[in-house]
Amino acid sequence: MMNPATIEQMAAWLKDRDDFALLGHVYPDGDAAGSCLGLCHALRALGKRAVVCLPGGIPSLYADLPGADGVFATGDALPFEVRTAVAVDVSEYERLGDAGKALFDAAPQRAVIDHHSTNHGFGQLTLLDGAAASAGEIAVEVAEALGVKLSRDMATCLFVAISTDTGHFSYSNTRQETLAAASKCAAAGIDISGITARLYRTRTQARTLLLGLVLAGLHVSEDGRMAWAFLTEAMLEQAHALREDNEGIVNYLQEIEGVVFAVLAEERGSETKLSMRSAPTLDVAKHVAVPLGGGGHPCAAGATVKLPMEAAAQRALELARRALG
């Protein structure tokens, strides 16, 4: 049951506690990594003990963020006993992963800070703003409410969180408050040019090869409104790519002219991870992701299903067609 909190209530709750673990979701993206690190910097500025725990550790794309060298892989031995666990940018309890759930459940104090409107709340306290473009946007407000000055390191992490979840401020979720939060980060003296080059203008050879392999198998429906593709474990091996190298590939499908719904089906053992994007005319979270047991945002969502890739993709396409009429 969700126990909703305001920014001020969450800040007061955090001030009264210590020995923090900031937990991100499985297959952490820029928002999860950046928001957890930004809040970790804020809590340490108050003199509190805090660590960031991400499933699998910090993704290589974000390994140069301030404080990233101190990120623990969820399940690793920590330097202190965690008394307060905060799930950040985690849309649902299951997305903590097994080790994350164990750490979260073992902490006497538990909270959630998130921006996914499909989040039902699974902490003792939940700060949820479904209109926010990213958890990073919320984290900027939390830091302010804590009375912490936005340092360059903190601002760098939070700017990355905001930028990556808005397509560098190009997605429809970008709002006035989003730009205001990013402006506060910019005022702290961050290197916007360097961040932009690293995130959007640099790609490893393996990541590039993987993108080519996936797009070579592109499918588009006869009416041109739907696009889908598959990412197999064999492709990862062929490209010598990491799991995290799949980030952003689904956007290439959505960017095809006329496409309203796009889905990337990724083989993960006996399961399939679906990454989905849509035009504003289709609420992909409500009509596709949630019925499949996932969640997300109106134009960007995901789900993991116990089906082979082809069957999983077809199920998503059926739900999207039904919603589009």
# chains A, B, ... in the order shown; residues from 1 in each chain; ligands from 1
>>> residues_around(residues="stretch 27-29 of chain A", least_positions_apart="3", cutoff="8 Å", atoms="only C-alpha atoms", output="list of chain:residue names")
A:Gly24, A:Ala32, A:Ala33, A:Leu54, A:Pro55, A:Gly56, A:Ile58, A:Pro59, A:Glu244, A:Glu247
>>> closest_atom_pairs(of="stretch 112-214 of chain A", to="stretch 78-87 of chain A", cutoff="8 Å", atoms="only C-alpha atoms", output="tab-separated table")
residue	atom	partner	partner_atom	distance
A:Val112	CA	A:Ala87	CA	4.8
A:Ile113	CA	A:Ala87	CA	6.2
A:Asp114	CA	A:Ala87	CA	8.0
>>> select_by_dssp(residues="stretch 41-169 of chain A", states="strand (DSSP E or B)", output="ChimeraX atom specification")
/A:50-54,72-73,84-88,109-114,125-128
>>> closest_residue(among="A:Cys185, A:Ile192, A:Ile256, A:Ala311", to="A:His219", atoms="only C-alpha atoms")
A:Ile256
>>> residues_around(residues="A:Ala301", least_positions_apart="5", cutoff="8 Å", atoms="only C-alpha atoms", output="PyMOL selection string")
chain A and resi 275-277+284-285+289+294-296
>>> closest_residue(among="A:Ser60, A:Thr126, A:Ser193, A:Ser163", to="A:Thr6", atoms="only C-alpha atoms")
A:Thr126
>>> atom_distance(atom1="atom CA of A:Tyr62", atom2="atom CA of A:Arg207")
14.6 Å
>>> closest_residue(among="A:Met226, A:Val305, A:Val142, A:Ile249", to="A:Ala320", atoms="only C-alpha atoms")
A:Met226
